[in-house]
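Here is the structure we will look at, set down as structure tokens.
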2 protein chains.
Amino acid sequence: MGSESRKTFLPLDPVTFSNESKVIDFIADYYENVEKYPVQSTVEPDILEDVSNCIIPGLTHWQSPNFFAYFHANASTAGFLGEMLCSGFNVVGFNWISSPAATELESIVLDWMGKMLKLSYFLFSGTGGGVLHGSTCEAATRDKALKELGGWENITKRVVYASDQTHFTFQKTAKLAGIPPSNFRLIETSFSTGFPLSPENLRFAIEDDIKSGLVPLFLCATIGTTPSGAVGPIAELGKVAMEFKRWLHIDAAYAGSGCICPELRHYLDGVELANSISMNPHKWFLTNMDCCCLWIKEPKLLVDSLSNDPEILRNNASKSKAVVDYKDWQIALTRRFRALKLWVVIRRHGLANLMYHIRSDIAMAKRFEALVGEDERFEIVVPRKFALVCFGLKPKVEEEDLNCKLVEAINSSGRAFMSHAVLSGIYVIRCAIGTTLTQQHHVDALWKLIQDKAQSLLM
Amino acid sequence: MGSESRKTFLPLDPVTFSNESKVIDFIADYYENVEKYPVQSTVEPDILEDVSNCIIPGLTHWQSPNFFAYFHANASTAGFLGEMLCSGFNVVGFNWISSPAATELESIVLDWMGKMLKLSYFLFSGTGGGVLHGSTCEAATRDKALKELGGWENITKRVVYASDQTHFTFQKTAKLAGIPPSNFRLIETSFSTGFPLSPENLRFAIEDDIKSGLVPLFLCATIGTTPSGAVGPIAELGKVAMEFKRWLHIDAAYAGSGCICPELRHYLDGVELANSISMNPHKWFLTNMDCCCLWIKEPKLLVDSLSNDPEILRNNASKSKAVVDYKDWQIALTRRFRALKLWVVIRRHGLANLMYHIRSDIAMAKRFEALVGEDERFEIVVPRKFALVCFGLKPKVEEEDLNCKLVEAINSSGRAFMSHAVLSGIYVIRCAIGTTLTQQHHVDALWKLIQDKAQSLLM
């Protein structure tokens, strides 16, 4: 480790800082070659050489145009620029005074994003407000419910609801928040309806629990589930939440970005009945990791749950109550200036380009769906809503795990990377289109690869 | 918003990526001028101009050499390079297969850092292991205790212990983990001993709670508390934890970095009795935010608490149990490749330079302490251990809030930024030395400023 002389140890020297610009060329090289790994790079020796020789060969290339697995984490040079500025300033905006611009810009950008999604009740310019997290958090709901329950004694009676398609982080956070796993209701979804959370089944489950003396606390509805991209009927789920006066959170982590397009916004109809909503620009909004928007209709409830007032952070601005102290909107004190990143992405691209990007991915997914439909050996398993296509070889009695073998054959070719889900016991292949560099010819090549591998398997 | 044409919308274009290198010059400019803000910058128009005109004037300059408040978040060009690579690759290492190099490098770097701190029992090369988080988390302890308690019914009987000097995030996370605030024991510390957690008082508190039918769960000891830099006597606290078989976590967020120097390592004596320890390279180890190392003596306990196995993430590598899946070491699924950053910092600087950096800050703090000691109007309130000096004007009967006024006078001058603490009811001024650019002449100028402002106040 280490080669610099101690006598010239200037770890943050403005004069030599510009030498770091070679990393920009290095990263540009990376994107230039991302389709051809293992790369033969010719960078300068030192750390970048180590990165080329030791790190890159071990990376799964999430930015490759042939990455169709999980949900993508699409990046852009604008997102990268935002990250560089964030890291360059390295300020800690835990309260307003610790960097006013960081707090102000975050409030502005959350309103910009919220306006694109028409989240009127959730904006600072209305009576709501938003915050950037690294990932979704549902802590806000707990203390609210505890107050209604009259204290900590009934903590084990609280119940949370979601569908069996809801992201597993939901269960993790609920468990951490002190809710016993026996009180998680993962309501079964069905093939016939396309796997959304059913308002009827939700109502039955809540009524059952109330009869048993339990206390419903929190419902989570998803716009674009991870396994299949299903969408909960927000308006109807919202009515159930209202009826029982429970907290409704909408997890639009993946598909929320899509709802900036007018033709997709209807999936958010009824959002005004929810208490909170989150989406991740780091998935499908060209924003480098990490960046999760969380809006709350009544931010006071979040602040009441998470605020504290240690002497060491007291200051006149906070005392005035005229400012937002984001430390009270999150668990940790540490805060990166993430707003810069989302601001640069929106500021540089603009709404028209951002919609173009979403529509282009959806058009490619539609085309892929059509290609699958034309091949009688294959079937579309779930109707496509966004840019995720769930498909597979039609089941054959004599060969059970055909689709599992197909995914393994595709992935081990190194030419594409896909992942799978199991829906109502059926193994399906997921084709998630959304990396920034994916173009039509990559999708066509993927389909050709799938057909070839299927051919070998079926022979 | 937005100016790019849709026809040429290439949000991640390798050919034009190199244009982003102007941001490097922009950030170099920022450091060049960080002492002279408000800055008169002459960058190109567009986004960087907005940043100059609208963002920079509203920043509190954490990287200014005249920043002496809170604890610093010291940055380096190496940390910046690491962040650029992390953001450039934008991979998501939630499990081993999703980017093997990200997981492997994280394990290697945690062992490097652990070896510098002589944390033998906590290394992967031993029987422990480490993980990078954004900030400290103590979730690991909960399920362990719950198992011993035989279920969720006794959740409200668990008690956690720390000193009244412990970081307030401790209370926030304990509350979120479902521990009622009435079961937080914040054991009073005293002026006479310099504010560490007292093993005797801790034992009394535990014995009292056991008599009352409560269940002690977790002790948190701090190396370098936020208000005054106090150090819990780890070896003695460890004996109490062992005696009652409770989880001992060591929070070395600030001062842990200092313990790489042999002459400071004794503050960690007894660490082998702890169950977990954390420190933040983003505070005092030249690593840009965010970066928190957490080591666990028995990682299985953390994984048992946080693991899940959703179908969508199943893969052969994880099935083999031969790899680390870091998703099971944290709450969220999203993971940035933070290890690159800490790796570049250690790899480029080396241990000798990193020790030089710590010693240089401590030498400046010693000198500041001596300057304060030479002025009979002032006093050192708490003995200095690291690079934090707690001092103030000697109390005067006729003027109660003299030190509060002094801090306000210093901060409103714009020439330095300091913060305060209240220790046993006494308002003290904190001088935290540690930003990367701070040199002896900045500390001397600070002392001159303090003396001048005190002179005006005392006239």
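Residue numbers start at 1 in each chain; chains themselves are named A, B, ... in the order of the structure tokens; ligands are numbered from 1 in the order shown.
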
- Can you pull out every residue within 9 Å of Ile179 of chain A, counting only C-alpha atoms, but drop anything in the same chain fewer than 3 positions away, and send it as a PyMOL selection string? (chain A and resi 155-160+173-176+182-184) or (chain B and resi 152+178)

Written selection (N, CA and C atoms) as a tab-separated table (two decimals), in the first residue's frame:
```tsv
chain	number	residue	atom	x	y	z
A	155	ILE	N	-47.25	-3.39	20.94
A	155	ILE	CA	-46.38	-3.40	19.77
A	155	ILE	C	-46.52	-4.70	18.98
A	156	THR	N	-46.80	-5.79	19.62
A	156	THR	CA	-46.85	-7.08	18.92
A	156	THR	C	-48.21	-7.33	18.27
A	157	LYS	N	-49.15	-6.40	18.42
A	157	LYS	CA	-50.48	-6.61	17.83
A	157	LYS	C	-50.63	-5.94	16.47
A	158	ARG	N	-49.63	-5.18	16.07
A	158	ARG	CA	-49.73	-4.45	14.82
A	158	ARG	C	-49.54	-5.38	13.62
A	159	VAL	N	-50.30	-5.12	12.56
A	159	VAL	CA	-50.24	-5.96	11.37
A	159	VAL	C	-49.97	-5.08	10.15
A	160	VAL	N	-49.13	-5.58	9.25
A	160	VAL	CA	-48.87	-4.87	8.00
A	160	VAL	C	-49.29	-5.74	6.81
A	173	THR	N	-37.83	-4.41	6.53
A	173	THR	CA	-37.98	-3.17	7.30
A	173	THR	C	-39.09	-3.32	8.35
A	174	ALA	N	-40.15	-4.05	8.00
A	174	ALA	CA	-41.23	-4.23	8.98
A	174	ALA	C	-40.71	-5.00	10.19
A	175	LYS	N	-39.89	-6.01	9.93
A	175	LYS	CA	-39.32	-6.80	11.02
A	175	LYS	C	-38.41	-5.94	11.89
A	176	LEU	N	-37.59	-5.13	11.23
A	176	LEU	CA	-36.70	-4.24	11.98
A	176	LEU	C	-37.48	-3.22	12.79
A	182	SER	N	-45.06	-12.98	12.16
A	182	SER	CA	-46.40	-13.60	12.11
A	182	SER	C	-47.47	-12.56	11.80
A	183	ASN	N	-47.13	-11.29	11.92
A	183	ASN	CA	-48.11	-10.24	11.61
A	183	ASN	C	-47.88	-9.58	10.26
A	184	PHE	N	-47.13	-10.22	9.38
A	184	PHE	CA	-47.02	-9.74	8.00
A	184	PHE	C	-48.08	-10.49	7.20
B	152	TRP	N	-41.55	-12.79	20.35
B	152	TRP	CA	-41.81	-11.37	20.22
B	152	TRP	C	-42.64	-10.81	21.37
B	178	GLY	N	-37.68	-1.01	17.82
B	178	GLY	CA	-38.81	-1.46	18.63
B	178	GLY	C	-38.55	-1.45	20.12
```

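The residue set within 10 Å of Asp401 of chain B, counting only C-alpha atoms and dropping same-chain residues fewer than 6 places from it, reads B:Pro395, B:Ile426, B:Tyr427.
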
- Task: Using DSSP on the backbone coordinates, identify all residues within segment 132-273 of chain A classified as alpha helix (DSSP H); present the result as a ChimeraX atom specification.
- Result: /A:140-149,169-176,199-211,234-243

Can those selected residues be exported to a file as a PDB file, in the first residue's frame so that it contains C-alpha atoms?
```pdb
ATOM      1  CA  ALA A 140     -42.909   7.144   9.357  1.00  0.00           C
ATOM      2  CA  THR A 141     -45.889   5.018  10.074  1.00  0.00           C
ATOM      3  CA  ARG A 142     -44.853   3.432  13.275  1.00  0.00           C
ATOM      4  CA  ASP A 143     -45.062   6.137  15.856  1.00  0.00           C
ATOM      5  CA  LYS A 144     -48.285   7.366  14.374  1.00  0.00           C
ATOM      6  CA  ALA A 145     -49.845   3.994  14.971  1.00  0.00           C
ATOM      7  CA  LEU A 146     -48.257   3.647  18.388  1.00  0.00           C
ATOM      8  CA  LYS A 147     -49.844   6.870  19.519  1.00  0.00           C
ATOM      9  CA  GLU A 148     -53.238   5.559  18.492  1.00  0.00           C
ATOM     10  CA  LEU A 149     -52.523   2.317  20.276  1.00  0.00           C
ATOM     11  CA  THR A 169     -37.309  -5.312   1.625  1.00  0.00           C
ATOM     12  CA  PHE A 170     -40.825  -4.585   2.870  1.00  0.00           C
ATOM     13  CA  GLN A 171     -40.625  -7.591   5.163  1.00  0.00           C
ATOM     14  CA  LYS A 172     -37.111  -6.719   6.267  1.00  0.00           C
ATOM     15  CA  THR A 173     -37.983  -3.169   7.299  1.00  0.00           C
ATOM     16  CA  ALA A 174     -41.228  -4.229   8.979  1.00  0.00           C
ATOM     17  CA  LYS A 175     -39.318  -6.802  11.018  1.00  0.00           C
ATOM     18  CA  LEU A 176     -36.699  -4.243  11.982  1.00  0.00           C
ATOM     19  CA  PRO A 199     -58.676  -4.764  -2.693  1.00  0.00           C
ATOM     20  CA  GLU A 200     -61.295  -7.411  -1.820  1.00  0.00           C
ATOM     21  CA  ASN A 201     -58.757  -9.820  -0.374  1.00  0.00           C
ATOM     22  CA  LEU A 202     -57.111  -6.943   1.467  1.00  0.00           C
ATOM     23  CA  ARG A 203     -60.423  -5.990   3.062  1.00  0.00           C
ATOM     24  CA  PHE A 204     -61.085  -9.596   4.120  1.00  0.00           C
ATOM     25  CA  ALA A 205     -57.652  -9.853   5.712  1.00  0.00           C
ATOM     26  CA  ILE A 206     -58.064  -6.585   7.622  1.00  0.00           C
ATOM     27  CA  GLU A 207     -61.518  -7.559   8.873  1.00  0.00           C
ATOM     28  CA  ASP A 208     -60.217 -10.942  10.012  1.00  0.00           C
ATOM     29  CA  ASP A 209     -57.377  -9.357  11.947  1.00  0.00           C
ATOM     30  CA  ILE A 210     -59.619  -6.819  13.638  1.00  0.00           C
ATOM     31  CA  LYS A 211     -61.930  -9.654  14.730  1.00  0.00           C
ATOM     32  CA  ILE A 234     -54.343   2.427  -6.202  1.00  0.00           C
ATOM     33  CA  ALA A 235     -57.759   4.089  -6.146  1.00  0.00           C
ATOM     34  CA  GLU A 236     -59.517   0.975  -4.846  1.00  0.00           C
ATOM     35  CA  LEU A 237     -56.743   0.122  -2.374  1.00  0.00           C
ATOM     36  CA  GLY A 238     -56.843   3.735  -1.216  1.00  0.00           C
ATOM     37  CA  LYS A 239     -60.555   3.420  -0.452  1.00  0.00           C
ATOM     38  CA  VAL A 240     -59.876   0.386   1.738  1.00  0.00           C
ATOM     39  CA  ALA A 241     -57.091   2.271   3.519  1.00  0.00           C
ATOM     40  CA  MET A 242     -59.393   5.259   4.079  1.00  0.00           C
ATOM     41  CA  GLU A 243     -62.214   3.060   5.316  1.00  0.00           C
TER      42      GLU A 243
END
```

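The shell of residues at most 6 Å from segment 275-287 of chain B, with only C-alpha atoms counted and near chain neighbours (fewer than 3 positions) removed, consists of His72, Ala73, Asn74, Ala75, Ser76, Gly79, Trp247, Leu248, His249, Ile250, Asp251, Ala252, Ala253, Gly256, Ser257, Asp290, Cys291, Cys292, Cys293, Leu294, Trp295, Ile296 and Lys297 of chain B.
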
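Every residue of segment 195-303 of chain B with a DSSP assignment of strand (DSSP E or B), taken from the backbone, is listed as Val215, Pro216, Leu217, Phe218, Leu219, Cys220, Ala221, Thr222, Ile223, Val231, Trp247, Leu248, His249, Ile250, Asp251, Ser276, Ile277, Ser278, Met279, Cys292, Cys293, Leu294, Trp295 and Ile296 of chain B.
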
- Note on the structure: Computed gap from atom CA of Ile346 of chain B to atom CA of Trp112 of chain B is 8.5 Å

- Could you check which of B:Gly434, B:Pro227, B:Gly350, B:Pro216 is closest to chain A, using only C-alpha atoms? B:Gly350

- Go through A:Glu188, A:Asp304, A:Glu263, A:Asp375 and flag the residue nearest chain B, using only C-alpha atoms for the distances. A:Asp304

- Item | Given only C-alpha atoms as the counted atoms, nearest of A:Lys22, A:Leu12, A:Leu123, A:Asp46 to Val344 of chain B |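 Closest residue, counting only C-alpha atoms: A:Asp46.
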
- Query: Out of B:Arg314, B:Lys321, B:His349, B:Arg246, which residue has the shortest atom-to-atom distance to chain A when counting only C-alpha atoms?
  - Reply: B:His349

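Here atom CA of Phe122 of chain B is placed at a distance of 20.3 Å from atom CA of Gly224 of chain B.
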
- Message: Quick one: residues within 12 Å of Ala332 of chain A, only C-alpha atoms, excluding same-chain residues fewer than 4 positions away - as a VMD selection string?
- Response: (chain A and resid 92 to 95 133 to 134 306 to 308 326 to 328 336) or (chain B and resid 133 to 138 167 to 173 176 290 292)

Pull N, CA and C atoms from the residues just selected and write them as a tab-separated table (two decimals), in the first residue's frame.
```
chain	number	residue	atom	x	y	z
A	92	VAL	N	-22.15	18.17	4.24
A	92	VAL	CA	-23.05	17.29	4.99
A	92	VAL	C	-24.29	18.08	5.39
A	93	GLY	N	-25.36	17.91	4.63
A	93	GLY	CA	-26.54	18.75	4.88
A	93	GLY	C	-27.51	18.14	5.86
A	94	PHE	N	-27.06	17.85	7.10
A	94	PHE	CA	-27.99	17.18	8.03
A	94	PHE	C	-29.05	18.13	8.56
A	95	ASN	N	-28.68	19.40	8.71
A	95	ASN	CA	-29.73	20.37	9.01
A	95	ASN	C	-29.55	21.56	8.06
A	133	HIS	N	-33.62	9.65	-0.11
A	133	HIS	CA	-32.98	8.60	0.67
A	133	HIS	C	-32.11	7.77	-0.27
A	134	GLY	N	-31.36	6.85	0.33
A	134	GLY	CA	-30.65	5.87	-0.49
A	134	GLY	C	-31.61	4.79	-0.96
A	306	LEU	N	-39.00	10.90	13.77
A	306	LEU	CA	-37.55	10.79	13.59
A	306	LEU	C	-36.74	11.98	14.11
A	307	SER	N	-37.40	13.01	14.63
A	307	SER	CA	-36.62	14.18	15.01
A	307	SER	C	-35.98	13.99	16.38
A	308	ASN	N	-34.93	14.70	16.58
A	308	ASN	CA	-34.33	14.83	17.90
A	308	ASN	C	-33.63	16.19	17.91
A	326	TYR	N	-33.26	18.10	7.38
A	326	TYR	CA	-33.49	16.77	6.83
A	326	TYR	C	-33.04	15.64	7.76
A	327	LYS	N	-32.21	15.94	8.75
A	327	LYS	CA	-31.87	14.90	9.72
A	327	LYS	C	-33.14	14.32	10.36
A	328	ASP	N	-34.21	15.13	10.42
A	328	ASP	CA	-35.46	14.67	11.04
A	328	ASP	C	-36.35	13.91	10.05
A	336	ARG	N	-25.38	12.74	2.09
A	336	ARG	CA	-24.71	13.23	0.90
A	336	ARG	C	-25.62	14.23	0.18
B	133	HIS	N	-21.16	0.36	5.34
B	133	HIS	CA	-22.48	0.97	5.35
B	133	HIS	C	-22.32	2.47	5.10
B	134	GLY	N	-23.47	3.12	4.95
B	134	GLY	CA	-23.43	4.58	4.90
B	134	GLY	C	-23.25	5.15	6.29
B	135	SER	N	-23.87	4.50	7.28
B	135	SER	CA	-23.73	4.94	8.67
B	135	SER	C	-24.01	3.74	9.58
B	136	THR	N	-23.67	3.89	10.83
B	136	THR	CA	-23.70	2.76	11.77
B	136	THR	C	-25.11	2.21	12.01
B	137	CYS	N	-25.18	0.95	12.24
B	137	CYS	CA	-26.46	0.25	12.39
B	137	CYS	C	-26.29	-0.84	13.43
B	138	GLU	N	-27.22	-0.98	14.31
B	138	GLU	CA	-27.01	-1.98	15.35
B	138	GLU	C	-28.07	-3.07	15.32
B	167	HIS	N	-23.79	9.22	20.93
B	167	HIS	CA	-24.41	9.89	19.79
B	167	HIS	C	-25.91	9.62	19.77
B	168	PHE	N	-26.70	10.66	19.49
B	168	PHE	CA	-28.15	10.56	19.58
B	168	PHE	C	-28.73	9.59	18.56
B	169	THR	N	-27.93	9.23	17.53
B	169	THR	CA	-28.43	8.25	16.57
B	169	THR	C	-28.66	6.91	17.24
B	170	PHE	N	-27.92	6.67	18.33
B	170	PHE	CA	-28.13	5.45	19.12
B	170	PHE	C	-29.59	5.33	19.57
B	171	GLN	N	-30.12	6.43	20.08
B	171	GLN	CA	-31.51	6.39	20.57
B	171	GLN	C	-32.49	6.23	19.41
B	172	LYS	N	-32.16	6.87	18.28
B	172	LYS	CA	-33.04	6.82	17.13
B	172	LYS	C	-33.14	5.38	16.61
B	173	THR	N	-31.99	4.71	16.46
B	173	THR	CA	-32.02	3.35	15.92
B	173	THR	C	-32.65	2.39	16.92
B	176	LEU	N	-36.33	2.78	16.60
B	176	LEU	CA	-36.81	2.16	15.37
B	176	LEU	C	-36.80	0.64	15.45
B	290	ASP	N	-20.23	8.61	1.41
B	290	ASP	CA	-20.30	8.14	2.77
B	290	ASP	C	-19.61	6.79	2.89
B	292	CYS	N	-18.84	3.91	6.14
B	292	CYS	CA	-18.77	3.46	7.53
B	292	CYS	C	-18.39	1.99	7.56
```

- For each of B:Leu333, B:Lys448, B:Pro65, B:Leu437, take the minimum atom-to-atom distance to Asp13 of chain A, counting only C-alpha atoms, then give the residue where this is smallest.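 Using only C-alpha atoms, the shortest distance to Asp13 of chain A belongs to B:Leu437.
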
- Task: Rounded to one decimal place, report the atom CA of Gln330 of chain A-atom CA of Ala339 of chain B distance in Å.
- Result: 23.6 Å

- Which is closest to chain A among B:Gly82, B:Pro233, B:Gly425, B:Pro180, if we use only C-alpha atoms?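 That would be B:Pro180, the residue with the smallest distance to chain A.
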
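Residues surrounding Asn316 of chain A within 12 Å are Asn95, Trp96, Ile97, Ser98, Lys321, Ala322 and Val323 of chain A; Cys404 and Glu408 of chain B [only C-alpha atoms; sequence separation below 5 positions excluded].
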
Export of the given selection (N, CA, C and O atoms) as an mmCIF file, in the first residue's frame:
```cif
data_model
loop_
_atom_site.group_PDB
_atom_site.id
_atom_site.type_symbol
_atom_site.label_atom_id
_atom_site.label_comp_id
_atom_site.auth_asym_id
_atom_site.auth_seq_id
_atom_site.Cartn_x
_atom_site.Cartn_y
_atom_site.Cartn_z
ATOM 1 N N ASN A 95 -28.676 19.403 8.714
ATOM 2 C CA ASN A 95 -29.727 20.373 9.011
ATOM 3 C C ASN A 95 -29.548 21.562 8.060
ATOM 4 O O ASN A 95 -28.598 21.596 7.277
ATOM 5 N N TRP A 96 -30.461 22.470 8.113
ATOM 6 C CA TRP A 96 -30.461 23.556 7.138
ATOM 7 C C TRP A 96 -29.153 24.339 7.192
ATOM 8 O O TRP A 96 -28.497 24.574 6.181
ATOM 9 N N ILE A 97 -28.732 24.683 8.400
ATOM 10 C CA ILE A 97 -27.573 25.567 8.567
ATOM 11 C C ILE A 97 -26.274 24.893 8.121
ATOM 12 O O ILE A 97 -25.327 25.566 7.701
ATOM 13 N N SER A 98 -26.232 23.569 8.163
ATOM 14 C CA SER A 98 -24.986 22.877 7.823
ATOM 15 C C SER A 98 -24.710 22.921 6.320
ATOM 16 O O SER A 98 -23.617 22.561 5.890
ATOM 17 N N LYS A 321 -37.991 27.315 13.320
ATOM 18 C CA LYS A 321 -38.964 26.382 12.707
ATOM 19 C C LYS A 321 -39.347 26.796 11.284
ATOM 20 O O LYS A 321 -40.349 26.337 10.746
ATOM 21 N N ALA A 322 -38.578 27.693 10.689
ATOM 22 C CA ALA A 322 -38.902 28.150 9.336
ATOM 23 C C ALA A 322 -38.168 27.329 8.283
ATOM 24 O O ALA A 322 -38.348 27.539 7.101
ATOM 25 N N VAL A 323 -37.319 26.393 8.710
ATOM 26 C CA VAL A 323 -36.498 25.652 7.752
ATOM 27 C C VAL A 323 -36.731 24.147 7.885
ATOM 28 O O VAL A 323 -37.265 23.682 8.893
ATOM 29 N N CYS B 404 -21.450 31.246 24.592
ATOM 30 C CA CYS B 404 -22.429 31.178 23.512
ATOM 31 C C CYS B 404 -22.283 32.412 22.620
ATOM 32 O O CYS B 404 -22.259 32.316 21.386
ATOM 33 N N GLU B 408 -21.060 32.716 18.571
ATOM 34 C CA GLU B 408 -21.847 33.458 17.576
ATOM 35 C C GLU B 408 -21.018 34.551 16.914
ATOM 36 O O GLU B 408 -21.124 34.788 15.705
#
```

- Message: Can you tell me which residues surround Leu48 of chain A at a distance of at most 12 Å, considering only C-alpha atoms, apart from same-chain residues fewer than 6 positions away, and format the answer as a list in words?
- Response: Glu20, Lys22, Val23, Ile24, Asp25, Phe26, Ile27, Asp29, Tyr30, Ser41, Thr42, Cys54, Ile55 and Ile56 of chain A; Ala78, Leu81, Gly82, Met84, Leu85, Leu340, Trp343, Val344, Arg347 and Arg348 of chain B

Can you write out the residues you just picked, keeping C-alpha atoms, as a PDB file, in the first residue's frame?
```
ATOM      1  CA  GLU A  20      -7.627  13.390 -11.896  1.00  0.00           C
ATOM      2  CA  LYS A  22      -7.520  11.074 -16.615  1.00  0.00           C
ATOM      3  CA  VAL A  23     -10.157   9.100 -14.725  1.00  0.00           C
ATOM      4  CA  ILE A  24     -12.734  10.687 -17.011  1.00  0.00           C
ATOM      5  CA  ASP A  25     -10.954   9.264 -20.054  1.00  0.00           C
ATOM      6  CA  PHE A  26     -10.658   5.980 -18.229  1.00  0.00           C
ATOM      7  CA  ILE A  27     -14.404   5.848 -17.604  1.00  0.00           C
ATOM      8  CA  ASP A  29     -12.950   4.077 -22.324  1.00  0.00           C
ATOM      9  CA  TYR A  30     -14.958   1.808 -20.091  1.00  0.00           C
ATOM     10  CA  SER A  41      -7.202  -1.295 -21.746  1.00  0.00           C
ATOM     11  CA  THR A  42      -4.031   0.814 -22.034  1.00  0.00           C
ATOM     12  CA  CYS A  54      -8.059  -6.682 -11.110  1.00  0.00           C
ATOM     13  CA  ILE A  55     -11.451  -5.014 -10.742  1.00  0.00           C
ATOM     14  CA  ILE A  56     -13.049  -4.841 -14.191  1.00  0.00           C
TER      15      ILE A  56
ATOM     16  CA  ALA B  78      -8.003   9.797  -3.722  1.00  0.00           C
ATOM     17  CA  LEU B  81     -11.164   9.330  -7.580  1.00  0.00           C
ATOM     18  CA  GLY B  82     -12.765   6.364  -5.794  1.00  0.00           C
ATOM     19  CA  MET B  84     -15.785   8.729  -9.654  1.00  0.00           C
ATOM     20  CA  LEU B  85     -14.917   5.112 -10.367  1.00  0.00           C
ATOM     21  CA  LEU B 340     -13.408   1.242  -4.375  1.00  0.00           C
ATOM     22  CA  TRP B 343      -9.355   0.993  -1.436  1.00  0.00           C
ATOM     23  CA  VAL B 344      -8.048   3.947  -3.488  1.00  0.00           C
ATOM     24  CA  ARG B 347      -3.756   2.117  -1.863  1.00  0.00           C
ATOM     25  CA  ARG B 348      -2.659   5.586  -2.885  1.00  0.00           C
TER      26      ARG B 348
END
```
